[in-house]
file entry22.cif (mmCIF, C-alpha atoms and all ligand atoms)
data_upload
loop_
_atom_site.label_atom_id
_atom_site.label_comp_id
_atom_site.auth_asym_id
_atom_site.auth_seq_id
_atom_site.Cartn_x
_atom_site.Cartn_y
_atom_site.Cartn_z
CA MET H 1 -85.26 -5.38 101.08
CA THR H 2 -83.11 -4.20 98.17
CA SER H 3 -79.51 -3.30 98.94
CA PRO H 4 -78.69 0.35 99.60
CA THR H 5 -77.01 1.96 96.60
CA ARG H 6 -76.12 5.47 97.74
CA VAL H 7 -72.74 6.72 98.84
CA LEU H 8 -72.09 10.05 100.53
CA VAL H 9 -68.61 11.47 99.90
CA PHE H 10 -66.91 13.98 102.19
CA ASN H 11 -63.82 15.88 101.14
CA SER H 12 -62.54 18.05 104.01
CA GLY H 13 -59.91 20.68 103.27
CA SER H 14 -58.21 22.79 105.94
CA SER H 15 -61.09 25.32 105.94
CA SER H 16 -63.67 23.73 103.68
CA LEU H 17 -65.90 20.68 103.42
CA LYS H 18 -67.13 19.49 100.03
CA TYR H 19 -69.71 16.73 99.71
CA GLN H 20 -71.64 14.76 97.13
CA LEU H 21 -74.35 12.15 97.43
CA LEU H 22 -74.20 9.63 94.59
CA ASP H 23 -76.42 6.79 93.47
CA MET H 24 -74.02 4.05 92.43
CA ARG H 25 -76.48 2.32 90.12
CA ASP H 26 -75.70 4.98 87.50
CA SER H 27 -73.11 7.17 89.30
CA SER H 28 -75.61 10.07 89.26
CA ARG H 29 -75.36 12.94 91.72
CA LEU H 30 -78.39 13.36 93.99
CA ALA H 31 -76.96 16.34 95.86
CA VAL H 32 -73.72 18.30 95.91
CA GLY H 33 -72.48 21.13 98.07
CA LEU H 34 -69.79 22.74 100.09
CA VAL H 35 -69.11 24.59 103.31
CA GLU H 36 -66.37 27.15 103.02
CA ARG H 37 -64.53 29.55 105.32
CA ILE H 38 -65.00 27.18 108.27
CA GLY H 39 -63.86 28.86 111.50
CA GLU H 40 -64.71 32.37 110.27
CA GLN H 41 -67.74 34.59 110.91
CA THR H 42 -68.69 34.43 107.24
CA SER H 43 -68.79 30.65 106.69
CA ARG H 44 -70.98 29.78 103.73
CA VAL H 45 -73.04 26.67 103.01
CA GLU H 46 -74.06 26.00 99.43
CA HIS H 47 -76.29 23.02 98.76
CA THR H 48 -77.75 21.80 95.49
CA ARG H 49 -80.33 19.04 95.18
CA THR H 50 -80.06 17.73 91.63
CA GLY H 51 -83.13 18.90 89.76
CA GLY H 52 -84.40 20.62 92.91
CA GLY H 53 -82.60 23.94 93.10
CA ASN H 54 -79.96 25.57 95.16
CA ARG H 55 -79.81 26.85 98.78
CA GLU H 56 -77.20 29.12 100.27
CA ARG H 57 -76.61 30.57 103.71
CA THR H 58 -73.89 32.51 105.45
CA GLY H 59 -73.03 32.63 109.17
CA PRO H 60 -70.38 31.42 111.59
CA ILE H 61 -69.53 27.69 111.51
CA ALA H 62 -66.88 27.05 114.12
CA ASP H 63 -65.22 23.81 112.99
CA HIS H 64 -65.50 20.70 110.82
CA ASP H 65 -67.79 19.02 113.35
CA ALA H 66 -70.32 21.86 113.03
CA ALA H 67 -69.83 21.93 109.24
CA LEU H 68 -70.66 18.26 108.86
CA LYS H 69 -73.75 18.66 111.06
CA ALA H 70 -74.86 21.58 108.87
CA VAL H 71 -74.49 19.37 105.79
CA ALA H 72 -76.49 16.59 107.47
CA GLU H 73 -79.29 19.13 108.09
CA GLU H 74 -79.27 20.31 104.48
CA LEU H 75 -79.49 16.72 103.22
CA ALA H 76 -82.30 15.94 105.69
CA ARG H 77 -84.31 18.92 104.41
CA ASP H 78 -84.30 17.24 101.00
CA GLY H 79 -85.28 13.85 102.41
CA LEU H 80 -81.72 12.59 101.86
CA GLY H 81 -80.60 12.59 105.51
CA LEU H 82 -77.89 10.43 106.99
CA ASP H 83 -80.60 8.20 108.50
CA SER H 84 -81.76 7.11 105.03
CA PRO H 85 -81.85 3.30 104.64
CA GLU H 86 -80.70 3.78 101.06
CA LEU H 87 -77.30 5.00 102.22
CA ALA H 88 -74.73 2.20 101.82
CA ALA H 89 -71.68 4.00 103.20
CA ILE H 90 -69.87 7.27 103.65
CA GLY H 91 -66.56 7.69 101.81
CA HIS H 92 -64.05 10.14 103.28
CA ARG H 93 -61.08 11.57 101.47
CA VAL H 94 -58.08 11.33 103.79
CA VAL H 95 -55.01 13.21 102.61
CA HIS H 96 -52.21 11.28 104.29
CA GLY H 97 -52.27 7.52 104.71
CA GLY H 98 -48.50 7.11 105.07
CA MET H 99 -47.09 3.69 104.19
CA PHE H 100 -49.72 1.88 106.19
CA PHE H 101 -52.77 2.42 104.04
CA THR H 102 -52.34 1.11 100.51
CA GLU H 103 -56.06 0.70 99.83
CA PRO H 104 -59.43 2.16 100.81
CA THR H 105 -60.14 1.02 104.35
CA VAL H 106 -63.28 0.62 106.46
CA VAL H 107 -62.77 2.83 109.50
CA ASP H 108 -62.50 1.39 113.00
CA ASP H 109 -60.79 2.71 116.13
CA GLU H 110 -57.41 1.37 115.06
CA VAL H 111 -57.66 3.08 111.68
CA LEU H 112 -58.50 6.38 113.39
CA THR H 113 -55.47 6.03 115.66
CA GLU H 114 -53.19 5.44 112.68
CA ILE H 115 -54.58 8.47 110.79
CA GLU H 116 -53.99 10.48 113.94
CA ARG H 117 -50.38 9.29 114.12
CA LEU H 118 -49.83 10.79 110.68
CA ILE H 119 -50.84 14.32 111.74
CA PRO H 120 -47.20 15.51 112.05
CA VAL H 121 -46.72 14.90 108.30
CA ALA H 122 -50.12 16.34 107.31
CA PRO H 123 -50.89 18.99 109.93
CA LEU H 124 -53.35 20.98 107.81
CA HIS H 125 -55.39 18.11 106.42
CA ASN H 126 -55.49 14.98 108.55
CA PRO H 127 -57.10 16.71 111.60
CA ALA H 128 -59.97 17.98 109.42
CA ASN H 129 -60.36 14.54 107.81
CA LEU H 130 -60.43 12.90 111.25
CA THR H 131 -63.08 15.25 112.61
CA GLY H 132 -65.20 14.56 109.53
CA ILE H 133 -65.01 10.80 110.07
CA ARG H 134 -65.65 11.01 113.82
CA THR H 135 -68.68 13.26 113.42
CA ALA H 136 -70.17 11.11 110.64
CA ARG H 137 -69.61 8.01 112.75
CA ALA H 138 -71.37 9.59 115.73
CA LEU H 139 -74.36 10.51 113.53
CA ARG H 140 -74.64 7.02 111.96
CA PRO H 141 -72.67 4.54 114.11
CA ASP H 142 -74.01 1.51 112.21
CA LEU H 143 -72.95 2.75 108.76
CA PRO H 144 -69.61 1.77 107.20
CA GLN H 145 -67.27 4.75 106.98
CA VAL H 146 -64.54 4.26 104.41
CA ALA H 147 -61.28 6.22 104.30
CA VAL H 148 -59.89 6.73 100.78
CA PHE H 149 -56.32 7.96 100.93
CA ASP H 150 -54.67 10.51 98.61
CA THR H 151 -51.40 8.69 99.10
CA ALA H 152 -52.63 5.13 98.42
CA PHE H 153 -52.18 5.11 94.64
CA HIS H 154 -48.53 6.09 95.11
CA THR H 155 -47.62 3.28 97.51
CA THR H 156 -46.63 1.15 94.49
CA MET H 157 -43.65 3.44 93.85
CA PRO H 158 -40.39 1.50 93.89
CA GLU H 159 -37.88 2.37 96.61
CA PRO H 160 -35.45 4.25 94.33
CA ALA H 161 -38.29 6.67 93.47
CA ALA H 162 -39.77 6.87 96.96
CA ARG H 163 -36.56 7.29 99.01
CA TYR H 164 -34.71 10.52 99.52
CA ALA H 165 -30.91 10.32 99.55
CA ILE H 166 -30.53 10.76 103.28
CA ASP H 167 -29.50 8.40 106.11
CA PRO H 168 -32.20 5.68 106.02
CA LYS H 169 -32.17 5.38 109.83
CA ILE H 170 -33.08 9.04 110.20
CA ALA H 171 -35.57 8.80 107.35
CA ASP H 172 -37.29 5.77 108.86
CA ARG H 173 -37.35 7.17 112.36
CA HIS H 174 -39.19 10.27 111.13
CA ARG H 175 -41.14 8.52 108.34
CA ILE H 176 -39.44 10.69 105.72
CA ARG H 177 -40.01 9.50 102.16
CA ARG H 178 -41.91 10.47 99.03
CA TYR H 179 -45.59 9.73 99.63
CA GLY H 180 -47.21 11.75 96.84
CA PHE H 181 -50.72 13.24 96.88
CA HIS H 182 -53.72 13.73 94.55
CA GLY H 183 -53.55 9.93 94.23
CA THR H 184 -57.29 9.51 93.73
CA SER H 185 -57.10 11.89 90.80
CA HIS H 186 -53.97 10.29 89.29
CA ALA H 187 -55.61 6.86 89.57
CA TYR H 188 -58.87 7.99 87.98
CA VAL H 189 -57.26 10.04 85.21
CA SER H 190 -54.68 7.42 84.24
CA ARG H 191 -57.38 4.75 83.95
CA ARG H 192 -59.75 7.06 82.07
CA THR H 193 -56.92 7.97 79.67
CA ALA H 194 -56.34 4.29 78.92
CA ARG H 195 -60.04 3.93 78.11
CA LEU H 196 -59.86 6.96 75.84
CA LEU H 197 -57.13 5.14 73.92
CA GLY H 198 -59.31 2.04 73.78
CA LYS H 199 -56.87 0.12 75.99
CA ASP H 200 -56.76 -1.51 79.38
CA PRO H 201 -54.76 0.44 82.02
CA SER H 202 -52.35 -2.51 82.18
CA GLU H 203 -51.42 -1.89 78.54
CA VAL H 204 -50.36 1.76 78.69
CA ASN H 205 -47.85 4.16 80.24
CA VAL H 206 -49.26 7.58 81.11
CA ILE H 207 -47.83 10.82 82.44
CA VAL H 208 -50.60 12.58 84.40
CA LEU H 209 -50.34 16.34 84.99
CA HIS H 210 -52.80 17.36 87.70
CA LEU H 211 -52.69 21.15 87.47
CA GLY H 212 -55.08 22.74 89.95
CA ASN H 213 -54.29 25.24 92.67
CA GLY H 214 -52.17 22.42 94.05
CA ALA H 215 -50.34 20.64 91.23
CA SER H 216 -48.55 17.33 90.79
CA ALA H 217 -47.26 15.04 88.06
CA SER H 218 -47.12 11.27 88.08
CA ALA H 219 -45.60 8.51 85.98
CA VAL H 220 -48.02 5.60 85.69
CA GLU H 221 -46.66 2.36 84.23
CA LYS H 222 -49.27 -0.19 83.20
CA GLY H 223 -51.72 1.10 85.78
CA ARG H 224 -49.22 1.41 88.65
CA CYS H 225 -47.68 4.62 89.89
CA VAL H 226 -43.87 4.51 89.60
CA ASP H 227 -43.06 8.13 90.43
CA THR H 228 -44.78 11.34 91.49
CA SER H 229 -43.69 14.91 92.07
CA MET H 230 -45.10 15.65 95.53
CA GLY H 231 -43.07 14.26 98.39
CA LEU H 232 -43.25 14.00 102.17
CA THR H 233 -45.76 16.85 101.93
CA PRO H 234 -47.57 18.51 99.00
CA LEU H 235 -44.87 21.20 98.80
CA GLU H 236 -42.47 19.45 96.44
CA GLY H 237 -42.56 19.33 92.65
CA LEU H 238 -44.39 21.61 90.24
CA VAL H 239 -44.90 25.34 90.67
CA MET H 240 -48.38 25.72 92.22
CA GLY H 241 -50.87 28.48 92.97
CA THR H 242 -49.17 29.48 96.22
CA ARG H 243 -46.51 26.76 96.77
CA SER H 244 -42.98 26.98 95.45
CA GLY H 245 -42.58 23.34 94.47
CA ASP H 246 -38.95 22.19 94.05
CA LEU H 247 -36.20 24.33 95.46
CA ASP H 248 -32.75 23.80 96.91
CA PRO H 249 -33.31 22.82 100.58
CA ALA H 250 -30.45 25.19 101.44
CA VAL H 251 -32.80 28.09 100.63
CA ILE H 252 -34.44 27.29 103.96
CA PHE H 253 -31.16 27.42 105.94
CA HIS H 254 -30.28 30.61 104.12
CA LEU H 255 -33.59 32.29 104.94
CA ALA H 256 -33.24 31.23 108.60
CA ARG H 257 -29.60 32.29 108.97
CA VAL H 258 -29.29 35.28 106.68
CA GLY H 259 -32.91 36.30 106.21
CA ASP H 260 -33.61 36.03 109.96
CA MET H 261 -36.90 34.23 109.40
CA SER H 262 -38.46 31.72 111.80
CA MET H 263 -39.38 28.18 110.68
CA ASP H 264 -43.07 29.12 110.78
CA GLU H 265 -42.42 32.19 108.61
CA ILE H 266 -40.52 30.11 106.06
CA ASP H 267 -43.26 27.47 106.09
CA THR H 268 -45.86 30.15 105.36
CA LEU H 269 -43.66 31.74 102.69
CA LEU H 270 -43.15 28.49 100.78
CA ASN H 271 -46.65 27.05 101.19
CA LYS H 272 -48.86 30.13 101.05
CA ARG H 273 -46.93 33.02 99.53
CA SER H 274 -44.88 31.42 96.76
CA GLY H 275 -45.64 29.74 93.44
CA LEU H 276 -47.55 31.83 90.91
CA PHE H 277 -48.85 34.06 93.68
CA GLY H 278 -45.37 34.75 95.04
CA LEU H 279 -43.99 35.39 91.59
CA CYS H 280 -46.63 37.81 90.33
CA GLY H 281 -49.29 38.42 93.00
CA ASP H 282 -51.95 36.26 91.32
CA ASN H 283 -52.54 32.52 91.63
CA ASP H 284 -55.48 32.25 89.23
CA MET H 285 -54.35 31.24 85.75
CA ARG H 286 -57.22 33.20 84.15
CA GLU H 287 -55.98 36.42 85.72
CA ILE H 288 -52.36 35.64 84.78
CA ARG H 289 -53.33 35.05 81.13
CA ARG H 290 -55.32 38.30 81.11
CA ARG H 291 -52.32 40.22 82.42
CA ILE H 292 -50.02 38.59 79.86
CA ASP H 293 -52.41 39.64 77.09
CA GLU H 294 -52.05 43.20 78.36
CA GLY H 295 -48.26 42.98 78.16
CA ASP H 296 -47.52 42.42 81.86
CA GLU H 297 -43.92 41.14 82.10
CA GLU H 298 -44.13 39.94 85.70
CA ALA H 299 -47.09 37.69 84.85
CA ALA H 300 -45.30 36.47 81.70
CA LEU H 301 -42.23 35.44 83.69
CA ALA H 302 -44.38 33.66 86.30
CA PHE H 303 -46.09 31.75 83.48
CA ASP H 304 -42.76 30.80 81.90
CA ILE H 305 -41.36 29.52 85.21
CA TYR H 306 -44.55 27.48 85.72
CA ILE H 307 -44.27 25.96 82.23
CA HIS H 308 -40.53 25.31 82.47
CA ARG H 309 -41.11 23.15 85.56
CA ILE H 310 -43.91 21.15 83.90
CA LYS H 311 -41.66 20.51 80.91
CA LYS H 312 -38.86 19.25 83.15
CA TYR H 313 -41.22 16.76 84.75
CA ILE H 314 -42.54 15.55 81.39
CA GLY H 315 -38.94 14.89 80.37
CA ALA H 316 -38.06 13.24 83.67
CA TYR H 317 -41.08 10.93 83.64
CA TYR H 318 -40.53 10.08 79.99
CA ALA H 319 -37.13 8.78 81.06
CA VAL H 320 -38.58 6.98 84.10
CA LEU H 321 -41.16 5.20 81.93
CA GLY H 322 -38.99 4.56 78.87
CA THR H 323 -42.01 4.55 76.56
CA VAL H 324 -45.02 6.82 76.92
CA ASP H 325 -48.45 6.26 75.38
CA ALA H 326 -50.14 9.42 76.66
CA VAL H 327 -49.73 12.67 78.54
CA ALA H 328 -52.97 13.65 80.28
CA PHE H 329 -53.82 17.15 81.54
CA THR H 330 -56.35 17.47 84.35
CA ALA H 331 -57.76 19.71 87.17
CA GLY H 332 -58.69 23.40 87.00
CA VAL H 333 -55.72 24.63 84.95
CA GLY H 334 -55.07 21.41 83.03
CA GLU H 335 -58.69 21.09 81.92
CA ASN H 336 -59.32 24.74 81.09
CA ALA H 337 -56.12 26.55 80.16
CA ALA H 338 -55.31 25.78 76.50
CA PRO H 339 -52.24 28.10 76.52
CA VAL H 340 -50.72 26.08 79.39
CA ARG H 341 -51.15 22.81 77.49
CA GLU H 342 -49.76 24.30 74.31
CA ALA H 343 -46.72 25.81 76.02
CA ALA H 344 -45.98 22.72 78.13
CA VAL H 345 -45.71 20.52 75.03
CA ALA H 346 -44.12 23.09 72.67
CA GLY H 347 -40.76 21.96 71.35
CA LEU H 348 -41.21 18.34 72.42
CA GLU H 349 -41.91 17.03 68.90
CA GLY H 350 -38.66 15.04 69.11
CA MET H 351 -40.29 13.06 71.93
CA GLY H 352 -43.37 12.44 69.80
CA LEU H 353 -45.40 15.07 71.64
CA ALA H 354 -47.50 17.73 69.93
CA VAL H 355 -50.76 19.60 70.34
CA ASP H 356 -53.22 20.26 67.53
CA PRO H 357 -54.25 23.95 67.93
CA GLU H 358 -57.86 23.41 66.88
CA ARG H 359 -58.39 20.41 69.13
CA ASN H 360 -56.65 22.20 71.97
CA ALA H 361 -58.97 25.21 71.62
CA VAL H 362 -62.15 23.14 72.18
CA ARG H 363 -63.62 24.10 75.56
CA GLY H 364 -65.40 21.88 78.06
CA GLY H 365 -66.69 18.41 77.37
CA GLY H 366 -65.43 15.03 78.51
CA PRO H 367 -62.11 13.29 77.97
CA ARG H 368 -60.61 14.17 74.59
CA LEU H 369 -57.45 13.95 72.54
CA ILE H 370 -55.70 17.20 71.65
CA SER H 371 -52.72 15.71 69.79
CA PRO H 372 -52.70 15.52 65.98
CA GLU H 373 -54.07 12.33 64.40
CA SER H 374 -50.61 11.09 63.45
CA ALA H 375 -48.96 11.73 66.85
CA ARG H 376 -46.73 9.03 68.33
CA VAL H 377 -47.79 9.95 71.87
CA ALA H 378 -51.38 10.92 72.68
CA VAL H 379 -51.90 14.22 74.48
CA ALA H 380 -55.26 14.30 76.25
CA VAL H 381 -57.50 16.45 78.41
CA VAL H 382 -59.18 14.21 80.97
CA PRO H 383 -61.41 15.94 83.54
CA THR H 384 -60.77 14.51 86.97
CA ASP H 385 -63.59 13.31 89.22
CA GLU H 386 -62.22 12.61 92.67
CA GLU H 387 -65.67 12.35 94.27
CA LEU H 388 -66.80 9.68 91.81
CA GLU H 389 -63.56 7.78 92.34
CA ILE H 390 -63.96 7.93 96.14
CA ALA H 391 -67.59 6.78 95.83
CA THR H 392 -66.64 3.97 93.45
CA GLN H 393 -63.87 2.71 95.73
CA THR H 394 -66.12 3.01 98.80
CA TYR H 395 -68.98 1.16 97.15
CA ALA H 396 -66.69 -1.55 95.82
CA LEU H 397 -65.48 -2.15 99.37
CA VAL H 398 -68.84 -2.19 101.18
CA GLY H 399 -71.27 -2.93 98.34
CA LYS H 400 -70.34 -6.58 98.30
CA ASN H 401 -71.25 -6.91 101.98
CA ASN H 402 -74.76 -5.54 101.49
P1 LIG J 501 -57.92 22.85 93.75
O1 LIG J 501 -58.86 21.67 93.72
O2 LIG J 501 -56.47 22.50 93.86
O3 LIG J 501 -58.33 23.97 94.63
P2 LIG J 501 -58.80 23.26 90.98
O4 LIG J 501 -58.43 21.99 90.33
O5 LIG J 501 -60.24 23.56 91.19
O6 LIG J 501 -57.98 23.50 92.30
O7 LIG J 501 -58.15 24.44 90.10
C1 LIG J 501 -58.33 25.77 90.45
C2 LIG J 501 -57.49 26.63 89.51
O8 LIG J 501 -57.84 26.35 88.15
C3 LIG J 501 -57.73 28.13 89.66
O9 LIG J 501 -56.90 28.68 90.66
C4 LIG J 501 -57.34 28.65 88.27
O10 LIG J 501 -55.96 28.94 88.26
C5 LIG J 501 -57.58 27.48 87.35
N1 LIG J 501 -58.72 27.67 86.43
C6 LIG J 501 -60.02 27.41 86.68
N2 LIG J 501 -60.76 27.72 85.58
C7 LIG J 501 -59.90 28.17 84.64
C8 LIG J 501 -60.04 28.64 83.29
N3 LIG J 501 -61.22 28.71 82.68
N4 LIG J 501 -58.91 29.01 82.64
C9 LIG J 501 -57.70 28.94 83.24
N5 LIG J 501 -57.51 28.51 84.49
C10 LIG J 501 -58.59 28.14 85.18
#
call {"tool": "encode", "arguments": {"input": "entry22.cif", "output": "structure tokens", "more": "lines below"}}
Ligand code: ADP
result
Amino acid sequence: MTSPTRVLVFNSGSSSLKYQLLDMRDSSRLAVGLVERIGEQTSRVEHTRTGGGNRERTGPIADHDAALKAVAEELARDGLGLDSPELAAIGHRVVHGGMFFTEPTVVDDEVLTEIERLIPVAPLHNPANLTGIRTARALRPDLPQVAVFDTAFHTTMPEPAARYAIDPKIADRHRIRRYGFHGTSHAYVSRRTARLLGKDPSEVNVIVLHLGNGASASAVEKGRCVDTSMGLTPLEGLVMGTRSGDLDPAVIFHLARVGDMSMDEIDTLLNKRSGLFGLCGDNDMREIRRRIDEGDEEAALAFDIYIHRIKKYIGAYYAVLGTVDAVAFTAGVGENAAPVREAAVAGLEGMGLAVDPERNAVRGGGPRLISPESARVAVAVVPTDEELEIATQTYALVGKNN
């Protein structure tokens, strides 16, 4: 019998479950879909069989266990069910792998226990990821389940970058350090950027700006992450859709003491009601640009604060790396919002950074350079593909055993 070549990828968010079935012979997608609004009355399943059309249904789906079973049913209807002998493995995105998981890992009971132990530092994500793995395991107990961690790429960070300046005994007791997130994307994009330059990842230094609804920057030296902007949790760093990013920790004491807010209220404020949304009431960059075009000053200030923070991180990571070969923009905003890329790099000519307006205006397409021909540092748009990266890592781990 020929070896199985398909990998199913699950990416569970706090209230969503995205999935893709890939054939690793050519990395093609056989099916893609998502379940959203899990836990509500109006949960929605959207399933697309490549070349075979689209199905959609709405109705209550109580939790991630039910969501994954709904996905299994959709796949089975297309003859792509979890019982297929062509399935080599299931790859699961796991948000927090702490210090323990530095690589993709085949799941066993011990691995599940360790992911569970990390729930206090990833309360929104790790429980959903765990349920996804447990349900998939129950449906196909014989199939390798691989956990691919968002934090893994960042575990190469040296201690001076990863440690906060607090008592190490307290930090260690509570596992407080910079872990970083979006690692699968930073890994994929930094490598893809090297290829765009015609180089091996070990030959280049790249600053990756992952600007989605969540946003993070990383400094990648010769293929290894040496610093990243998210910290113990995904709250630190850049201004995001609804998260504040960096702020003086004393703001929290102040809000508790003077603003009379509870810890939960402050948590919600900083994670869900801050960032672009908190500043101007919108977290979608398209809407913010539209308002700016109409002369809206609140939206313009939100945009400027967002850009100022990105610029600070470009400067900081330039200093961390010493020399920079490329700055790569990725994710929803980074890939689509030309004005963000232009503004983030404006005025940095002294650092060798510039954007060519015509190249920057090109929409869509694959990885591309947007810096002028003569630029000292390449500026690139590199669409991220976390599902492909998870599938590739999963297949690399289990493929050799088949
Ligand atoms: P996440 O995976 O963090 O939810 P994405 O990487 O999908 O986020 O990015 C979503 C964000 O991308 C949207 O909130 C919006 O701000 C931005 N975005 C998407 N398309 C465009 C576009 N054409 N122009 C500007 N911004 C866009």
call {"tool": "residues_around", "arguments": {"input": "entry22.cif", "residues": "H:Thr193", "least_positions_apart": "4", "cutoff": "7 Å", "atoms": "all atoms listed in the file", "output": "MDAnalysis selection string"}}
result
chainID H and resid 189 197 328 382
call {"tool": "residues_near_ligand", "arguments": {"input": "entry22.cif", "ligand": "ligand LIG 501 (chain J)", "cutoff": "7 Å", "atoms": "all atoms listed in the file", "output": "list in words"}}
result
Leu211, Gly212, Asn213, Gly214, Ala215, Gly241, Asn283, Asp284, Met285, Arg286, Ala331, Gly332, Val333, Asn336 and Ala337 of chain H
call {"tool": "residues_around", "arguments": {"input": "entry22.cif", "residues": "H:Val35", "least_positions_apart": "2", "cutoff": "8 Å", "atoms": "all atoms listed in the file", "output": "CSV table (one decimal) with C-alpha atoms, keeping the file's coordinate frame"}}
result
chain,number,residue,atom,x,y,z
H,16,SER,CA,-63.7,23.7,103.7
H,17,LEU,CA,-65.9,20.7,103.4
H,18,LYS,CA,-67.1,19.5,100.0
H,33,GLY,CA,-72.5,21.1,98.1
H,37,ARG,CA,-64.5,29.6,105.3
H,38,ILE,CA,-65.0,27.2,108.3
H,43,SER,CA,-68.8,30.6,106.7
H,44,ARG,CA,-71.0,29.8,103.7
H,45,VAL,CA,-73.0,26.7,103.0
H,46,GLU,CA,-74.1,26.0,99.4
H,67,ALA,CA,-69.8,21.9,109.2
H,71,VAL,CA,-74.5,19.4,105.8
call {"tool": "residues_around", "arguments": {"input": "entry22.cif", "residues": "H:Val220", "least_positions_apart": "2", "cutoff": "6 Å", "atoms": "all atoms listed in the file", "output": "list in words"}}
result
Asn205, Val206, Gly223, Arg224, Cys225 and Val226 of chain H
call {"tool": "closest_residue", "arguments": {"input": "entry22.cif", "among": "H:His154, H:Arg140, H:Arg49, H:Arg289", "to": "H:Ala302", "atoms": "all atoms listed in the file"}}
result
H:Arg289
call {"tool": "closest_residue", "arguments": {"input": "entry22.cif", "among": "H:Arg134, H:Arg175, H:Arg117, H:His96", "to": "H:His64", "atoms": "all atoms listed in the file"}}
result
H:Arg134
call {"tool": "residues_around", "arguments": {"input": "entry22.cif", "residues": "H:Phe149", "least_positions_apart": "2", "cutoff": "12 Å", "atoms": "all atoms listed in the file", "output": "NGL selection string"}}
result
:H and (11 or 91-107 or 111 or 115 or 125-126 or 129 or 146-147 or 151-155 or 179-185 or 187 or 386 or 389-390 or 393-394)
call {"tool": "atom_distance", "arguments": {"input": "entry22.cif", "atom1": "atom CA of H:Ala250", "atom2": "atom CA of H:Cys280"}}
result
23.3 Å
call {"tool": "closest_residue", "arguments": {"input": "entry22.cif", "among": "H:Ala62, H:Leu21, H:Leu34, H:Ala344", "to": "H:Gly81", "atoms": "all atoms listed in the file"}}
result
H:Leu21
call {"tool": "residues_around", "arguments": {"input": "entry22.cif", "residues": "H:Arg359", "least_positions_apart": "5", "cutoff": "8 Å", "atoms": "all atoms listed in the file", "output": "list of chain:residue names"}}
result
H:Leu369, H:Ile370, H:Ser371
call {"tool": "residues_near_point", "arguments": {"input": "entry22.cif", "point": "(-75.5, 12.6, 94.4)", "cutoff": "12 Å", "atoms": "only C-alpha atoms", "output": "JSON list (two decimals) with C-alpha atoms, keeping the file's coordinate frame"}}
result
[["chain", "number", "residue", "atom", "x", "y", "z"],
["H", 5, "THR", "CA", -77.01, 1.96, 96.60],
["H", 6, "ARG", "CA", -76.12, 5.47, 97.74],
["H", 7, "VAL", "CA", -72.74, 6.72, 98.84],
["H", 8, "LEU", "CA", -72.09, 10.05, 100.53],
["H", 9, "VAL", "CA", -68.61, 11.47, 99.90],
["H", 10, "PHE", "CA", -66.91, 13.98, 102.19],
["H", 19, "TYR", "CA", -69.71, 16.73, 99.71],
["H", 20, "GLN", "CA", -71.64, 14.76, 97.13],
["H", 21, "LEU", "CA", -74.35, 12.15, 97.43],
["H", 22, "LEU", "CA", -74.20, 9.63, 94.59],
["H", 23, "ASP", "CA", -76.42, 6.79, 93.47],
["H", 24, "MET", "CA", -74.02, 4.05, 92.43],
["H", 25, "ARG", "CA", -76.48, 2.32, 90.12],
["H", 26, "ASP", "CA", -75.70, 4.98, 87.50],
["H", 27, "SER", "CA", -73.11, 7.17, 89.30],
["H", 28, "SER", "CA", -75.61, 10.07, 89.26],
["H", 29, "ARG", "CA", -75.36, 12.94, 91.72],
["H", 30, "LEU", "CA", -78.39, 13.36, 93.99],
["H", 31, "ALA", "CA", -76.96, 16.34, 95.86],
["H", 32, "VAL", "CA", -73.72, 18.30, 95.91],
["H", 33, "GLY", "CA", -72.48, 21.13, 98.07],
["H", 47, "HIS", "CA", -76.29, 23.02, 98.76],
["H", 48, "THR", "CA", -77.75, 21.80, 95.49],
["H", 49, "ARG", "CA", -80.33, 19.04, 95.18],
["H", 50, "THR", "CA", -80.06, 17.73, 91.63],
["H", 51, "GLY", "CA", -83.13, 18.90, 89.76],
["H", 75, "LEU", "CA", -79.49, 16.72, 103.22],
["H", 78, "ASP", "CA", -84.30, 17.24, 101.00],
["H", 80, "LEU", "CA", -81.72, 12.59, 101.86],
["H", 87, "LEU", "CA", -77.30, 5.00, 102.22],
["H", 387, "GLU", "CA", -65.67, 12.35, 94.27],
["H", 388, "LEU", "CA", -66.80, 9.68, 91.81],
["H", 391, "ALA", "CA", -67.59, 6.78, 95.83]]
call {"tool": "atom_distance", "arguments": {"input": "entry22.cif", "atom1": "atom CA of H:Asp83", "atom2": "atom CA of H:Arg57"}}
result
23.2 Å
call {"tool": "residues_near_point", "arguments": {"input": "entry22.cif", "point": "(-38.6, 25.0, 84.2)", "cutoff": "12 Å", "atoms": "all atoms listed in the file", "output": "PyMOL selection string"}}
result
chain H and resi 237-239+245-247+301-316+343-344
call {"tool": "write_last_selection", "arguments": {"input": "entry22.cif", "atoms": "C-alpha atoms", "output": "short mmCIF file (atom, residue, chain, number, x, y, z; two decimals), in the frame of the given file"}}
result
data_model
loop_
_atom_site.label_atom_id
_atom_site.label_comp_id
_atom_site.auth_asym_id
_atom_site.auth_seq_id
_atom_site.Cartn_x
_atom_site.Cartn_y
_atom_site.Cartn_z
CA GLY H 237 -42.56 19.33 92.65
CA LEU H 238 -44.39 21.61 90.24
CA VAL H 239 -44.90 25.34 90.67
CA GLY H 245 -42.58 23.34 94.47
CA ASP H 246 -38.95 22.19 94.05
CA LEU H 247 -36.20 24.33 95.46
CA LEU H 301 -42.23 35.44 83.69
CA ALA H 302 -44.38 33.66 86.30
CA PHE H 303 -46.09 31.75 83.48
CA ASP H 304 -42.76 30.80 81.90
CA ILE H 305 -41.36 29.52 85.21
CA TYR H 306 -44.55 27.48 85.72
CA ILE H 307 -44.27 25.96 82.23
CA HIS H 308 -40.53 25.31 82.47
CA ARG H 309 -41.11 23.15 85.56
CA ILE H 310 -43.91 21.15 83.90
CA LYS H 311 -41.66 20.51 80.91
CA LYS H 312 -38.86 19.25 83.15
CA TYR H 313 -41.22 16.76 84.75
CA ILE H 314 -42.54 15.55 81.39
CA GLY H 315 -38.94 14.89 80.37
CA ALA H 316 -38.06 13.24 83.67
CA ALA H 343 -46.72 25.81 76.02
CA ALA H 344 -45.98 22.72 78.13
#
